[in-house]
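S.K.: What follows is coords-v7.tsv, TSV, C-alpha atoms and all ligand atoms.
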```tsv
chain	number	residue	atom	x	y	z
T	1	MET	CA	257.13	116.07	125.55
T	2	GLN	CA	257.07	115.96	121.75
T	3	LEU	CA	260.65	114.72	121.31
T	4	ALA	CA	261.14	112.47	124.34
T	5	GLY	CA	264.38	110.49	124.03
T	6	GLN	CA	265.17	111.73	120.52
T	7	ILE	CA	268.70	112.64	119.48
T	8	ALA	CA	268.85	116.05	117.78
T	9	VAL	CA	271.86	117.67	116.11
T	10	ILE	CA	271.42	121.44	115.69
T	11	THR	CA	273.90	123.68	113.86
T	12	GLY	CA	274.06	127.40	114.56
T	13	ALA	CA	272.76	126.54	118.02
T	14	ALA	CA	274.56	129.30	119.92
T	15	SER	CA	272.40	132.23	118.77
T	16	GLY	CA	269.03	133.34	117.49
T	17	ILE	CA	266.84	130.76	115.77
T	18	GLY	CA	269.24	127.84	116.32
T	19	ARG	CA	269.53	128.68	120.00
T	20	ALA	CA	265.76	128.92	120.49
T	21	THR	CA	265.36	125.62	118.64
T	22	ALA	CA	268.01	123.92	120.78
T	23	MET	CA	266.42	125.11	124.03
T	24	ARG	CA	262.91	124.13	122.91
T	25	ALA	CA	264.06	120.70	121.66
T	26	ALA	CA	265.75	120.07	125.01
T	27	ARG	CA	262.55	121.10	126.85
T	28	GLU	CA	260.63	118.67	124.67
T	29	GLY	CA	262.85	115.83	125.88
T	30	ALA	CA	265.46	115.64	123.09
T	31	ARG	CA	269.12	115.11	123.78
T	32	VAL	CA	270.62	118.02	121.88
T	33	ILE	CA	274.04	118.11	120.23
T	34	ALA	CA	274.65	121.84	119.73
T	35	VAL	CA	277.12	122.84	117.00
T	36	ASP	CA	278.41	126.39	116.47
T	37	ARG	CA	281.68	128.20	115.81
T	38	ASP	CA	281.01	130.55	118.75
T	39	ALA	CA	282.43	128.48	121.61
T	40	ALA	CA	281.75	131.12	124.28
T	41	ALA	CA	278.05	131.43	123.36
T	42	LEU	CA	277.75	127.64	123.19
T	43	ALA	CA	279.07	127.40	126.74
T	44	GLU	CA	276.24	129.69	127.90
T	45	LEU	CA	273.50	127.36	126.66
T	46	GLY	CA	273.54	125.55	129.99
T	47	PRO	CA	273.05	122.03	131.27
T	48	SER	CA	269.94	121.11	129.26
T	49	ILE	CA	272.19	120.66	126.22
T	50	ALA	CA	273.64	117.14	126.04
T	51	ARG	CA	276.77	118.03	124.09
T	52	SER	CA	278.36	121.15	122.62
T	53	VAL	CA	280.62	121.00	119.59
T	54	ALA	CA	282.59	124.15	118.82
T	55	GLY	CA	283.69	124.48	115.22
T	56	ASP	CA	282.93	125.54	111.69
T	57	VAL	CA	280.06	123.83	109.85
T	58	LEU	CA	282.34	123.79	106.79
T	59	ASP	CA	284.80	121.48	108.52
T	60	GLU	CA	283.98	118.18	106.82
T	61	GLU	CA	286.03	116.16	109.29
T	62	LEU	CA	284.24	117.82	112.24
T	63	ALA	CA	280.86	116.94	110.72
T	64	ARG	CA	281.89	113.33	110.14
T	65	ARG	CA	283.38	112.95	113.63
T	66	THR	CA	280.47	114.68	115.40
T	67	ILE	CA	277.92	112.37	113.84
T	68	GLU	CA	280.08	109.29	114.45
T	69	ASP	CA	280.56	110.31	118.10
T	70	THR	CA	276.83	110.96	118.45
T	71	VAL	CA	275.97	107.50	117.12
T	72	HIS	CA	278.63	105.98	119.38
T	73	ALA	CA	277.25	107.76	122.46
T	74	PHE	CA	273.50	107.63	121.80
T	75	GLY	CA	273.06	104.90	119.17
T	76	ARG	CA	271.28	107.05	116.57
T	77	VAL	CA	270.53	110.48	115.11
T	78	ASP	CA	266.81	111.25	114.90
T	79	ILE	CA	266.79	114.96	114.01
T	80	LEU	CA	269.04	117.41	112.21
T	81	VAL	CA	268.31	121.15	112.17
T	82	THR	CA	270.66	123.30	110.06
T	83	ALA	CA	270.41	126.85	111.40
T	84	ALA	CA	274.00	128.07	110.94
T	85	GLY	CA	274.01	130.88	108.41
T	86	ILE	CA	275.46	134.24	107.49
T	87	SER	CA	274.19	137.32	105.65
T	88	LEU	CA	276.46	140.06	104.32
T	89	GLY	CA	273.78	142.35	102.89
T	90	LYS	CA	275.24	143.48	99.56
T	91	PRO	CA	273.73	143.94	96.08
T	92	ALA	CA	275.44	142.07	93.23
T	93	LEU	CA	277.72	144.89	92.11
T	94	ASP	CA	279.19	145.29	95.61
T	95	THR	CA	279.59	141.56	96.20
T	96	ALA	CA	283.25	140.56	96.12
T	97	LEU	CA	283.97	137.00	95.08
T	98	ASP	CA	284.99	136.24	98.68
T	99	ASP	CA	281.60	137.53	99.93
T	100	TRP	CA	279.81	135.37	97.39
T	101	ASN	CA	281.87	132.28	98.12
T	102	SER	CA	281.67	132.55	101.90
T	103	THR	CA	277.89	133.07	101.86
T	104	LEU	CA	277.27	130.16	99.52
T	105	ALA	CA	279.75	128.05	101.50
T	106	VAL	CA	278.25	128.53	104.97
T	107	ASN	CA	274.59	128.61	103.95
T	108	VAL	CA	274.56	125.92	101.26
T	109	THR	CA	277.65	123.74	101.65
T	110	GLY	CA	277.37	123.95	105.45
T	111	THR	CA	273.80	122.66	105.15
T	112	PHE	CA	274.70	119.95	102.63
T	113	LEU	CA	277.64	118.54	104.64
T	114	TRP	CA	275.62	118.05	107.83
T	115	ILE	CA	272.70	116.55	105.91
T	116	ARG	CA	275.02	114.10	104.16
T	117	GLU	CA	276.69	113.00	107.39
T	118	CYS	CA	273.33	112.58	109.17
T	119	LEU	CA	271.94	110.59	106.26
T	120	ARG	CA	274.46	107.83	107.06
T	121	PRO	CA	272.89	106.84	110.42
T	122	MET	CA	269.39	107.89	109.31
T	123	THR	CA	269.41	105.54	106.30
T	124	ALA	CA	270.85	102.76	108.48
T	125	GLN	CA	268.08	103.18	111.06
T	126	ALA	CA	265.47	103.89	108.31
T	127	SER	CA	264.15	107.00	110.06
T	128	GLY	CA	265.02	110.64	110.54
T	129	ALA	CA	263.74	114.20	110.27
T	130	ILE	CA	265.81	116.99	108.74
T	131	VAL	CA	264.76	120.63	108.97
T	132	THR	CA	266.70	123.28	107.08
T	133	ILE	CA	266.39	127.02	107.67
T	134	ALA	CA	265.96	128.96	104.45
T	135	SER	CA	264.15	132.33	104.31
T	136	GLN	CA	260.98	133.88	102.95
T	137	LEU	CA	263.36	135.68	100.56
T	138	ALA	CA	263.98	132.32	98.81
T	139	GLN	CA	260.47	132.73	97.37
T	140	ALA	CA	259.82	136.47	97.48
T	141	GLY	CA	263.29	137.62	96.46
T	142	GLY	CA	264.77	140.59	98.24
T	143	ARG	CA	266.88	143.65	97.56
T	144	GLY	CA	270.48	144.26	98.54
T	145	ASN	CA	271.54	140.74	99.49
T	146	ALA	CA	272.26	138.84	96.25
T	147	ALA	CA	274.46	136.06	97.62
T	148	TYR	CA	272.20	135.45	100.62
T	149	VAL	CA	268.97	135.27	98.59
T	150	THR	CA	270.69	132.94	96.10
T	151	SER	CA	271.92	130.73	98.93
T	152	LYS	CA	268.46	130.43	100.46
T	153	GLY	CA	266.96	129.46	97.10
T	154	ALA	CA	269.59	126.73	96.93
T	155	VAL	CA	268.73	125.54	100.44
T	156	VAL	CA	265.10	125.07	99.39
T	157	ALA	CA	266.20	123.16	96.26
T	158	LEU	CA	268.53	120.96	98.30
T	159	THR	CA	265.76	120.29	100.83
T	160	ASN	CA	263.46	119.17	98.05
T	161	SER	CA	266.12	116.90	96.52
T	162	VAL	CA	266.85	115.21	99.82
T	163	ALA	CA	263.12	114.81	100.55
T	164	LEU	CA	262.59	113.03	97.23
T	165	ASP	CA	265.70	110.85	97.37
T	166	TYR	CA	265.09	109.51	100.90
T	167	ALA	CA	261.28	109.57	101.30
T	168	ASP	CA	261.08	105.81	100.75
T	169	GLN	CA	263.70	105.23	103.45
T	170	GLY	CA	261.73	106.79	106.29
T	171	ILE	CA	263.55	110.12	106.18
T	172	ARG	CA	261.71	113.45	105.95
T	173	CYS	CA	263.34	116.72	104.91
T	174	ASN	CA	261.59	120.09	105.15
T	175	ALA	CA	262.55	123.76	105.17
T	176	VAL	CA	261.31	126.59	107.35
T	177	LEU	CA	261.16	130.02	105.70
T	178	PRO	CA	261.35	132.56	108.52
T	179	GLY	CA	260.35	136.16	108.00
T	180	ALA	CA	262.54	138.81	109.62
T	181	THR	CA	263.16	137.51	113.12
T	182	GLU	CA	264.54	139.36	116.13
T	183	THR	CA	268.05	137.88	116.33
T	184	PRO	CA	271.60	139.25	116.32
T	185	MET	CA	271.69	138.64	112.52
T	186	LEU	CA	268.71	140.95	112.00
T	187	GLN	CA	270.23	143.64	114.25
T	188	ARG	CA	273.46	143.46	112.25
T	189	SER	CA	271.60	143.72	108.94
T	190	PHE	CA	269.79	146.94	109.99
T	191	GLY	CA	273.05	148.24	111.47
T	192	ARG	CA	274.64	148.17	108.02
T	193	GLN	CA	271.99	150.54	106.56
T	194	ALA	CA	272.50	154.30	106.27
T	195	ASP	CA	269.39	154.82	108.41
T	196	PRO	CA	268.96	151.68	110.54
T	197	GLN	CA	265.73	152.86	112.17
T	198	ALA	CA	264.07	153.58	108.81
T	199	ALA	CA	265.22	150.21	107.43
T	200	ARG	CA	263.79	148.52	110.51
T	201	GLU	CA	260.42	150.21	110.07
T	202	ARG	CA	260.27	149.36	106.34
T	203	SER	CA	260.97	145.72	107.09
T	204	ARG	CA	258.51	145.56	109.98
T	205	LEU	CA	255.71	147.01	107.87
T	206	ARG	CA	256.44	144.59	105.00
T	207	HIS	CA	255.04	141.83	107.23
T	208	ALA	CA	251.23	141.65	107.05
T	209	MET	CA	251.21	141.27	110.84
T	210	GLY	CA	253.24	144.46	111.23
T	211	ARG	CA	255.89	142.93	113.45
T	212	PHE	CA	259.00	140.78	113.43
T	213	GLY	CA	259.09	137.13	114.40
T	214	LYS	CA	260.49	135.88	117.67
T	215	PRO	CA	263.11	133.12	117.54
T	216	GLU	CA	260.80	130.97	119.67
T	217	GLU	CA	258.06	131.27	117.01
T	218	ILE	CA	260.42	129.91	114.35
T	219	ALA	CA	261.58	127.19	116.74
T	220	ALA	CA	257.95	126.09	117.23
T	221	ALA	CA	257.59	125.45	113.48
T	222	VAL	CA	260.94	123.62	113.37
T	223	LEU	CA	259.80	121.47	116.27
T	224	TYR	CA	256.56	120.61	114.47
T	225	LEU	CA	258.39	119.55	111.30
T	226	ALA	CA	260.91	117.52	113.33
T	227	SER	CA	258.23	115.81	115.42
T	228	PRO	CA	256.05	112.76	114.78
T	229	ASP	CA	253.11	115.17	114.28
T	230	ALA	CA	254.61	115.87	110.84
T	231	ALA	CA	254.99	112.16	109.98
T	232	PHE	CA	253.34	112.65	106.53
T	233	VAL	CA	255.08	115.95	105.71
T	234	THR	CA	258.15	116.04	103.50
T	235	GLY	CA	259.56	118.32	100.81
T	236	VAL	CA	257.71	121.32	102.23
T	237	ALA	CA	258.99	124.90	102.47
T	238	LEU	CA	256.94	126.29	105.35
T	239	PRO	CA	256.74	130.09	105.62
T	240	VAL	CA	256.71	131.36	109.20
T	241	ASP	CA	256.75	134.97	108.20
T	242	GLY	CA	253.88	136.97	109.69
T	243	GLY	CA	252.23	137.11	106.27
T	244	TRP	CA	255.22	138.42	104.26
T	245	LEU	CA	254.64	135.98	101.40
T	246	ALA	CA	250.88	136.45	101.49
T	247	ALA	CA	251.13	140.20	100.98
S	301	LIG	N1	266.91	136.51	111.63
S	301	LIG	C1	266.21	136.57	110.53
S	301	LIG	O1	265.52	137.57	110.25
S	301	LIG	C2	266.22	135.40	109.56
S	301	LIG	C3	265.24	135.38	108.55
S	301	LIG	C4	265.23	134.31	107.66
S	301	LIG	C5	266.17	133.31	107.79
S	301	LIG	N2	267.09	133.35	108.77
S	301	LIG	C6	268.06	132.26	108.84
S	301	LIG	O2	268.00	131.63	110.09
S	301	LIG	C7	269.28	131.06	110.41
S	301	LIG	C8	269.69	131.54	111.79
S	301	LIG	O3	269.84	132.94	111.73
S	301	LIG	P1	269.79	133.87	113.03
S	301	LIG	O4	269.01	135.06	112.66
S	301	LIG	O5	269.43	133.06	114.22
S	301	LIG	O6	271.33	134.32	113.05
S	301	LIG	P2	272.40	134.46	114.23
S	301	LIG	O7	273.53	135.20	113.65
S	301	LIG	O8	271.74	134.98	115.47
S	301	LIG	O9	272.82	132.95	114.51
S	301	LIG	C9	273.55	132.21	113.55
S	301	LIG	C10	274.48	131.27	114.27
S	301	LIG	O10	275.19	130.53	113.27
S	301	LIG	C11	276.54	130.45	113.67
S	301	LIG	N3	277.39	130.29	112.49
S	301	LIG	C12	277.51	131.13	111.43
S	301	LIG	N4	278.43	130.65	110.57
S	301	LIG	C13	278.90	129.49	111.09
S	301	LIG	C14	279.86	128.54	110.67
S	301	LIG	N5	280.56	128.69	109.52
S	301	LIG	N6	280.08	127.45	111.44
S	301	LIG	C15	279.40	127.30	112.61
S	301	LIG	N7	278.50	128.17	113.07
S	301	LIG	C16	278.24	129.24	112.31
S	301	LIG	C17	276.84	131.76	114.38
S	301	LIG	O11	277.97	131.66	115.23
S	301	LIG	C18	275.54	131.99	115.13
S	301	LIG	O12	275.58	131.42	116.43
S	301	LIG	C19	270.23	131.52	109.30
S	301	LIG	O13	270.35	130.50	108.34
S	301	LIG	C20	269.50	132.71	108.71
S	301	LIG	O14	269.87	132.92	107.37
S	301	LIG	C21	267.13	134.37	109.67
```
Produce structure tokens that represent the structure in this file.
M.R.:
Amino acid sequence: MQLAGQIAVITGAASGIGRATAMRAAREGARVIAVDRDAAALAELGPSIARSVAGDVLDEELARRTIEDTVHAFGRVDILVTAAGISLGKPALDTALDDWNSTLAVNVTGTFLWIRECLRPMTAQASGAIVTIASQLAQAGGRGNAAYVTSKGAVVALTNSVALDYADQGIRCNAVLPGATETPMLQRSFGRQADPQAARERSRLRHAMGRFGKPEEIAAAVLYLASPDAAFVTGVALPVDGGWLAA
């Protein structure tokens, strides 16, 4: 059990990568605080999850209260994983200001707020591991999703800033860059294309391994970065992308 007794806050925990990470962290012995705006899907996570918090990651008061309640109940916060995210799939010319603002808000501000709130107990206890979820597109770029690609670049920059600012206080901060991963978000993104099947094939073949990732494969990398095995790893953006960036 890699995370025995650790307290892990995971946003976006009701679906896809966040869900797989929450279930794996619980199996590894962590007490998981699962945060998501989808209350119904949160309720389906089952009894291995210590606490479920239904709400928007952009709710500053919710973030503050959730972390305070967690410290009150469990005494500490060891791990934060920020997996909540959205993708609207539009090139710049089609991106309304609302699309731009909402994407940057959820993906960047929603990551920042939860990091800031977790840094309060983590600096007090002089330990902690933060793992953000960016995307291989943060490094490779990508067509037809200007706000999303921009937001993921910002997540990597934020991860690096936090890693540098808190490295001497026992806190590590790393990003995972997933390739296209079989989740509801990916299904939705192909569904928006004129020919979803052709878009799916193009994306699949863009990976050197010729397949999509599984949420559990991304969760395994998150777990590594969150665990004591990564004790000397900080400020890293780890591709878990079936060779997308290598190609
Ligand atoms: N699936 C992929 O191919 C892929 C690739 C690279 C990166 N990512 C990133 O991985 C992360 C998880 O994506 P996924 O594919 O599992 O998506 P998903 O849609 O399956 O899950 C995202 C979860 O985040 C929650 N969420 C979204 N906005 C929220 C908000 N404002 N407040 C609270 N919860 C909110 C949703 O309710 C959902 O449960 C995202 O940051 C995504 O950008 C995904």
S.K.: Can you pull out every residue within 10 Å of Trp100 (chain T), counting all atoms listed in the file, but drop anything in the same chain fewer than 4 positions away, and send it as a list in words?
M.R.: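 Result of the neighbour search: Leu88, Lys90, Ala92, Thr95, Ala96, Leu104, Ala105, Ala146, Ala147, Tyr148, Thr150 and Ser151 of chain T.
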S.K.: Quick one: of T:Arg31, T:Arg202, T:Arg37, T:Arg143, who's nearest to ligand LIG 301 (chain S), counting all atoms listed in the file?
M.R.: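 Ranked by minimum distance to ligand LIG 301 (chain S), first place goes to T:Arg37.
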S.K.: Hey, which residues sit close to ligand LIG 301 (chain S)? Say within 8 Å, counting only C-alpha atoms and all ligand atoms, and write them as a ChimeraX atom specification.
M.R.: /T:11-19,35-38,41,54-58,82-87,106-107,110,133-137,148,152,177-186,212-213,215
S.K.: I'd like to know which of T:Gly46, T:Gly144, T:Gly243, T:Gly128 is closest to Ala199 (chain T), using all atoms listed in the file.
M.R.: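 Closest to Ala199 (chain T), using all atoms listed in the file: T:Gly144.
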S.K.: Excluding Ala208 (chain T) and its own-chain neighbours fewer than 2 positions away, which residues fall within 9 Å of it when counting all atoms listed in the file? Please give them as a PyMOL selection string.
M.R.: chain T and resi 204-206+210-211+241-247
S.K.: Which of these, T:Phe74, T:Trp114, T:Tyr166, T:Tyr224, has the shortest distance to Ser127 (chain T) once you count only C-alpha atoms?
M.R.: T:Tyr166
S.K.: Would you mind telling me which residue in T:Ile115, T:Ala167, T:Ala198, T:Leu93 lies nearest to Asn145 (chain T) when using only C-alpha atoms?
M.R.: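 Of the candidates, the smallest distance to Asn145 (chain T) is held by T:Leu93.
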S.K.: Around the point (274.8, 116.3, 120.5), in the coordinates given by the file, pick out the residues reaching within 7 Å, counting only C-alpha atoms, and return them as number ranges by chain.
M.R.: T: 8-9, 31-34, 50-52, 70
S.K.: Which residue, T:Thr132, T:Thr234, T:Ser189, T:Thr109, has the smallest gap to Gly170 (chain T) when you use all atoms listed in the file?
M.R.: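 Comparing T:Thr132, T:Thr234, T:Ser189, T:Thr109 against Gly170 (chain T), the winner is T:Thr234.
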S.K.: What is the CA of Pro121 (chain T)-CA of Ile67 (chain T) distance in Å, reported with one decimal?
M.R.: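 So the two atoms, CA of Pro121 (chain T) and CA of Ile67 (chain T), lie 8.2 Å apart.
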S.K.: Env of region 159-163 of chain T: 9 Å cut, atoms = only C-alpha atoms, seq-sep filter 6 positions within chain, self excluded. Answer as a PyMOL selection string.
M.R.: chain T and resi 115+130-132+171-175+234-237
S.K.: State, in Å with one decimal place, the distance from CA of Ala221 (chain T) to CA of Gln125 (chain T).
M.R.: 24.7 Å
